[in-house]
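Next comes start_19.txt, a file with compact mmCIF, C-alpha atoms.
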# COMPACT_ATOMS: atom_id res chain seq x y z
CA MET X 1 42.75 13.35 212.83
CA SER X 2 44.18 14.32 209.44
CA HIS X 3 47.68 15.68 208.87
CA ALA X 4 46.23 19.17 208.32
CA GLU X 5 44.06 18.97 211.44
CA LYS X 6 47.07 18.09 213.58
CA ARG X 7 49.03 21.05 212.24
CA ALA X 8 46.04 23.41 212.48
CA GLU X 9 45.33 22.67 216.14
CA MET X 10 45.93 25.82 218.19
CA PRO X 11 48.59 25.21 220.86
CA GLN X 12 47.08 25.71 224.30
CA GLY X 13 47.76 29.13 225.79
CA LYS X 14 48.77 30.63 222.42
CA ASN X 15 45.44 32.17 221.35
CA SER X 16 45.98 35.82 222.32
CA VAL X 17 45.61 36.84 218.66
CA LEU X 18 42.11 35.33 218.65
CA ASP X 19 41.09 36.89 221.96
CA ARG X 20 41.71 40.50 220.88
CA ARG X 21 39.44 40.29 217.85
CA THR X 22 35.97 41.84 217.68
CA VAL X 23 33.37 41.83 214.93
CA VAL X 24 34.53 45.37 214.05
CA ASN X 25 38.26 44.72 213.82
CA GLY X 26 38.04 41.03 212.95
CA ASN X 27 35.06 40.50 210.62
CA ALA X 28 33.35 43.80 209.82
CA ASN X 29 31.73 42.18 206.78
CA LEU X 30 29.14 40.68 209.14
CA LEU X 31 27.86 44.11 210.17
CA LYS X 32 25.97 44.48 206.88
CA LEU X 33 24.76 40.87 206.71
CA ILE X 34 23.39 40.00 210.13
CA GLY X 35 20.11 41.43 211.36
CA ARG X 36 17.96 41.27 214.46
CA GLY X 37 16.39 37.89 215.01
CA SER X 38 18.80 35.95 212.78
CA HIS X 39 20.07 32.47 213.57
CA VAL X 40 23.83 32.37 212.94
CA LEU X 41 26.39 29.56 212.88
CA ASP X 42 30.03 30.60 213.45
CA VAL X 43 32.32 27.80 212.27
CA GLY X 44 35.78 27.70 213.80
CA CYS X 45 34.78 30.23 216.45
CA GLY X 46 37.93 29.80 218.53
CA SER X 47 37.62 31.46 221.92
CA GLY X 48 34.39 33.20 220.88
CA ALA X 49 35.59 36.81 220.80
CA ILE X 50 33.83 37.60 217.50
CA THR X 51 30.95 35.20 218.15
CA LYS X 52 29.85 37.06 221.27
CA ASP X 53 29.60 40.27 219.19
CA ILE X 54 27.43 38.45 216.65
CA ALA X 55 25.06 37.60 219.51
CA GLN X 56 24.69 41.33 220.17
CA LEU X 57 23.90 41.94 216.50
CA VAL X 58 21.05 39.41 216.40
CA GLY X 59 19.52 40.58 219.68
CA SER X 60 17.37 38.65 222.11
CA GLY X 61 15.14 37.37 219.30
CA GLY X 62 18.06 35.73 217.51
CA PHE X 63 20.42 32.89 218.30
CA VAL X 64 24.12 32.25 217.67
CA LYS X 65 26.08 29.01 217.94
CA GLY X 66 29.85 28.85 217.77
CA ILE X 67 31.53 25.55 216.99
CA ASP X 68 35.19 24.61 217.05
CA SER X 69 37.06 21.32 217.18
CA SER X 70 39.37 22.64 219.91
CA GLY X 71 38.09 21.65 223.34
CA HIS X 72 40.24 24.13 225.28
CA LEU X 73 39.10 27.07 223.13
CA ILE X 74 35.43 26.13 223.49
CA ARG X 75 35.84 25.76 227.28
CA GLN X 76 37.32 29.26 227.37
CA ALA X 77 34.41 30.62 225.30
CA GLN X 78 31.83 28.93 227.50
CA GLU X 79 33.44 30.32 230.65
CA SER X 80 33.92 33.82 229.26
CA PHE X 81 30.44 34.32 227.80
CA SER X 82 28.18 32.11 229.91
CA THR X 83 25.87 35.02 230.78
CA ILE X 84 24.86 35.72 227.16
CA LYS X 85 21.52 33.94 226.83
CA ASN X 86 21.24 33.80 223.01
CA LEU X 87 24.72 32.34 222.55
CA SER X 88 26.03 28.78 222.84
CA PHE X 89 29.31 27.03 222.10
CA GLU X 90 29.93 23.42 221.19
CA VAL X 91 32.96 21.27 220.51
CA ALA X 92 32.13 20.07 217.01
CA ASP X 93 33.62 19.31 213.62
CA ILE X 94 31.71 20.95 210.75
CA ASN X 95 32.35 17.82 208.68
CA THR X 96 30.00 15.85 210.97
CA PHE X 97 27.76 18.69 212.23
CA SER X 98 24.10 17.73 212.01
CA GLU X 99 21.96 20.87 212.44
CA LEU X 100 20.82 21.09 208.82
CA SER X 101 18.64 23.75 207.14
CA PHE X 102 18.41 25.70 210.40
CA TYR X 103 20.53 28.86 210.11
CA ASP X 104 20.03 32.17 208.31
CA VAL X 105 23.78 32.88 208.16
CA ALA X 106 26.78 30.54 208.28
CA THR X 107 30.15 32.21 208.62
CA SER X 108 33.79 31.50 209.25
CA ALA X 109 36.75 33.86 209.51
CA ARG X 110 40.35 32.83 208.86
CA VAL X 111 39.37 29.17 209.17
CA LEU X 112 39.41 27.60 205.70
CA GLN X 113 43.12 28.43 205.43
CA TRP X 114 43.64 25.68 208.04
CA VAL X 115 41.75 22.81 206.38
CA SER X 116 42.69 20.40 203.60
CA ASN X 117 39.10 20.03 202.32
CA PRO X 118 37.72 23.57 201.99
CA PHE X 119 35.12 22.72 199.34
CA GLU X 120 33.64 19.93 201.48
CA VAL X 121 33.56 22.28 204.49
CA LEU X 122 31.67 24.84 202.43
CA GLN X 123 29.21 22.13 201.34
CA LYS X 124 28.50 21.30 204.96
CA MET X 125 28.02 24.95 205.84
CA VAL X 126 25.57 25.38 202.97
CA ALA X 127 23.65 22.33 204.20
CA CYS X 128 23.17 24.12 207.54
CA LEU X 129 21.41 27.05 205.86
CA ARG X 130 17.73 27.61 205.31
CA PRO X 131 16.53 28.43 201.77
CA GLY X 132 17.62 32.00 201.10
CA GLY X 133 20.34 31.72 203.73
CA CYS X 134 23.69 33.45 203.50
CA LEU X 135 27.17 31.90 203.46
CA THR X 136 29.98 34.35 204.13
CA ILE X 137 33.68 33.49 204.43
CA LEU X 138 36.60 35.73 205.35
CA ASP X 139 40.09 34.46 204.61
CA TYR X 140 43.65 35.19 203.46
CA ASN X 141 45.89 34.66 200.50
CA HIS X 142 49.20 34.24 202.31
CA GLU X 143 51.08 34.27 199.02
CA LYS X 144 50.21 37.96 198.52
CA VAL X 145 51.47 39.35 201.82
CA GLU X 146 53.48 42.57 201.36
CA PHE X 147 56.20 44.14 203.52
CA SER X 148 58.19 47.35 203.12
CA PRO X 149 61.09 47.24 203.41
CA THR X 150 61.59 43.54 202.76
CA LEU X 151 61.75 41.16 205.70
CA PRO X 152 65.02 40.21 207.36
CA GLU X 153 66.43 37.10 205.73
CA SER X 154 65.82 34.97 208.82
CA MET X 155 62.12 35.86 208.98
CA GLU X 156 61.71 35.46 205.21
CA THR X 157 63.20 31.98 205.55
CA PHE X 158 60.83 31.19 208.42
CA TYR X 159 57.83 32.55 206.52
CA GLN X 160 58.56 30.46 203.43
CA ALA X 161 59.02 27.40 205.65
CA PHE X 162 55.67 28.19 207.30
CA LEU X 163 53.95 28.28 203.90
CA ARG X 164 55.62 25.02 202.85
CA TRP X 165 54.67 23.38 206.18
CA ARG X 166 51.06 24.34 205.55
CA ARG X 167 51.05 23.44 201.84
CA GLU X 168 52.55 19.99 202.37
CA ALA X 169 49.78 19.21 204.87
CA GLY X 170 47.20 20.00 202.18
CA MET X 171 46.27 23.53 203.26
CA ASN X 172 45.59 26.15 200.60
CA ASN X 173 47.79 29.21 201.17
CA ALA X 174 45.82 31.17 198.56
CA ILE X 175 42.32 30.15 199.69
CA ALA X 176 40.93 33.70 199.53
CA ASP X 177 41.27 33.75 195.75
CA HIS X 178 39.64 30.34 195.29
CA LEU X 179 36.44 31.02 197.23
CA GLU X 180 34.47 32.67 194.43
CA ASP X 181 34.85 29.64 192.19
CA MET X 182 33.88 27.29 195.03
CA PHE X 183 30.77 29.34 195.79
CA ALA X 184 29.75 29.17 192.12
CA ARG X 185 30.28 25.39 192.05
CA LEU X 186 28.00 25.11 195.08
CA GLY X 187 25.23 26.88 193.17
CA LEU X 188 25.17 29.95 195.41
CA THR X 189 23.74 33.14 193.93
CA ASN X 190 24.37 36.88 194.27
CA ILE X 191 28.02 36.19 195.02
CA SER X 192 29.91 39.27 196.17
CA ILE X 193 33.56 39.88 197.02
CA ASP X 194 34.85 42.55 199.39
CA ASP X 195 38.43 43.50 200.12
CA TYR X 196 39.19 43.56 203.85
CA SER X 197 42.97 43.48 203.53
CA GLU X 198 44.70 44.40 206.76
CA ILE X 199 47.11 47.27 206.15
CA SER X 200 49.54 48.47 208.80
CA ILE X 201 51.51 51.71 208.33
CA ARG X 202 54.15 53.08 210.68
CA GLY X 203 52.87 56.16 212.46
CA LYS X 204 49.32 54.92 212.68
CA ALA X 205 47.82 53.53 215.87
CA GLN X 206 48.42 49.84 216.56
CA PHE X 207 51.25 49.46 214.03
CA ASP X 208 53.50 47.53 216.41
CA ASP X 209 50.60 45.43 217.72
CA GLU X 210 49.56 44.47 214.20
CA VAL X 211 52.89 43.70 212.55
CA VAL X 212 54.07 41.62 215.51
CA ILE X 213 51.70 38.90 214.24
CA TRP X 214 54.61 37.05 212.59
CA ASN X 215 56.55 36.87 215.82
CA LYS X 216 53.42 35.44 217.42
CA VAL X 217 53.27 32.88 214.63
CA ALA X 218 56.93 32.01 215.19
CA GLU X 219 56.27 31.67 218.91
CA ALA X 220 53.01 29.68 218.65
CA ARG X 221 53.53 27.64 215.50
CA GLY X 222 57.31 27.76 215.27
CA PRO X 223 57.86 24.86 217.69
CA GLN X 224 55.66 22.73 215.43
CA LEU X 225 57.80 23.64 212.42
CA VAL X 226 60.91 22.76 214.42
CA ASN X 227 59.47 19.40 215.46
CA ASP X 228 58.48 18.70 211.85
CA LEU X 229 62.02 19.62 210.66
CA TYR X 230 60.99 22.61 208.53
CA VAL X 231 63.22 25.03 210.47
CA SER X 232 65.84 24.74 213.16
CA GLU X 233 65.28 26.12 216.65
CA GLU X 234 68.20 28.49 216.03
CA GLY X 235 66.51 29.69 212.84
CA ARG X 236 63.20 30.23 214.63
CA LEU X 237 64.79 32.27 217.40
CA ALA X 238 66.82 34.30 214.89
CA ALA X 239 63.64 35.10 212.97
CA ILE X 240 61.96 36.40 216.13
CA LYS X 241 64.99 38.49 217.12
CA ASP X 242 65.61 39.97 213.67
CA TYR X 243 61.95 40.66 213.01
CA SER X 244 61.64 42.43 216.39
CA GLN X 245 64.43 44.74 215.27
CA TRP X 246 62.67 45.25 211.90
CA ILE X 247 59.53 46.33 213.77
CA GLN X 248 61.44 48.72 216.03
CA LYS X 249 63.70 50.34 213.42
CA ASP X 250 62.96 49.59 209.77
CA GLY X 251 59.42 48.38 209.22
CA GLN X 252 57.12 50.83 207.45
CA TYR X 253 54.29 48.82 205.93
CA MET X 254 52.58 45.44 205.98
CA LYS X 255 49.57 44.25 203.99
CA LEU X 256 47.78 40.99 204.70
CA TYR X 257 45.59 40.15 201.71
CA LEU X 258 42.13 39.35 203.11
CA LYS X 259 38.84 38.88 201.23
CA ALA X 260 35.23 38.31 202.25
CA VAL X 261 33.13 36.25 199.85
CA THR X 262 29.35 36.02 200.32
CA GLY X 263 26.66 34.05 198.51
CA TYR X 264 23.06 32.95 199.00
CA VAL X 265 21.18 29.66 198.84
CA THR X 266 18.39 29.76 196.27
CA ILE X 267 14.87 29.85 197.68
What would you get if you wrote out this structure as structure tokens?
Amino acid sequence: MSHAEKRAEMPQGKNSVLDRRTVVNGNANLLKLIGRGSHVLDVGCGSGAITKDIAQLVGSGGFVKGIDSSGHLIRQAQESFSTIKNLSFEVADINTFSELSFYDVATSARVLQWVSNPFEVLQKMVACLRPGGCLTILDYNHEKVEFSPTLPESMETFYQAFLRWRREAGMNNAIADHLEDMFARLGLTNISIDDYSEISIRGKAQFDDEVVIWNKVAEARGPQLVNDLYVSEEGRLAAIKDYSQWIQKDGQYMKLYLKAVTGYVTI
């Protein structure tokens, strides 16, 4: 397991952020790309919350497979969605996945941000597509996150440590803005880019639930940063406390910069 893979592994019991996602709130780009009867590969499917919605989009004549390297997340997906007949889940690494030239659509959402070899992962995903197939990736540029007012100093310190922890493991914090070039290098055609940035504004529904994401990161990933000596435990706890107060009293706006990039294999 690479340095990045070790850091990317989702701590067991910390995947509530994944579980609340749907294709509508978590990857709406797929709604215009996936049709009835399609065969779809969802790479890095996690607990399968979005994948099960994809199975509804393709209907009984289609088929969806979700793969993830995390055994506990795949077990949860298999248990949760065992009754959906056109859906399967498999513990697998896309780097060694062998179902080539089979799928109409290959997709991943918020996954390439966690790997150290994104171009090679995209190559493997393209190899899974039939001629004319569609590759579509949704991901962040964490360097363009916006907050108003600015974060408390403790959370800003934690956030910068989080980015450094990722970067020094080989992960690309700005992957969203590098995808178009990678797609072109892969020879994909009809490349399109759509802005799906996640904007949270005080007064609108779900504001607290959305902006609390960084406390969830500090709770789920923070212990890893502490163990790897990027932050102290006192600093992690202070970030959670101060950011909770920011959410309750001061926070007005958050923007997570998120892009969907889509391209097609030539026929």
request  = Find the distance between CA of Met254 in chain X and CA of Glu168 in chain X and write it in Å to one decimal.
outcome  =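 Result for CA of Met254 in chain X versus CA of Glu168 in chain X: 25.7 Å, one decimal.
Residues surrounding Gln123 in chain X within 10 Å are Ile94, Asn95, Pro118, Phe119, Glu120, Val121, Met125, Val126, Ala127, Cys128, Met182, Phe183, Arg185 and Leu186 of chain X [only C-alpha atoms; sequence separation below 2 positions excluded].
Between Asp242 in chain X and the candidates X:Thr157, X:Gln113, X:Asn172, X:Gln76, the tightest atom-to-atom separation, counting only C-alpha atoms, involves X:Thr157.
Going from CA of Gly35 in chain X to CA of Leu57 in chain X covers 6.4 Å.
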key: Residues within 6 Å of Ser108 in chain X, all atoms listed in the file, excluding chain neighbours under 5 positions, as JSON, numbers by chain   = {"X": [42, 43, 137]}
task = For CA of Ala238 in chain X and CA of Ser148 in chain X, determine how far apart the two atoms are, in Å to one decimal place.
result =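 About the pair CA of Ala238 in chain X and CA of Ser148 in chain X: they are 19.6 Å apart.
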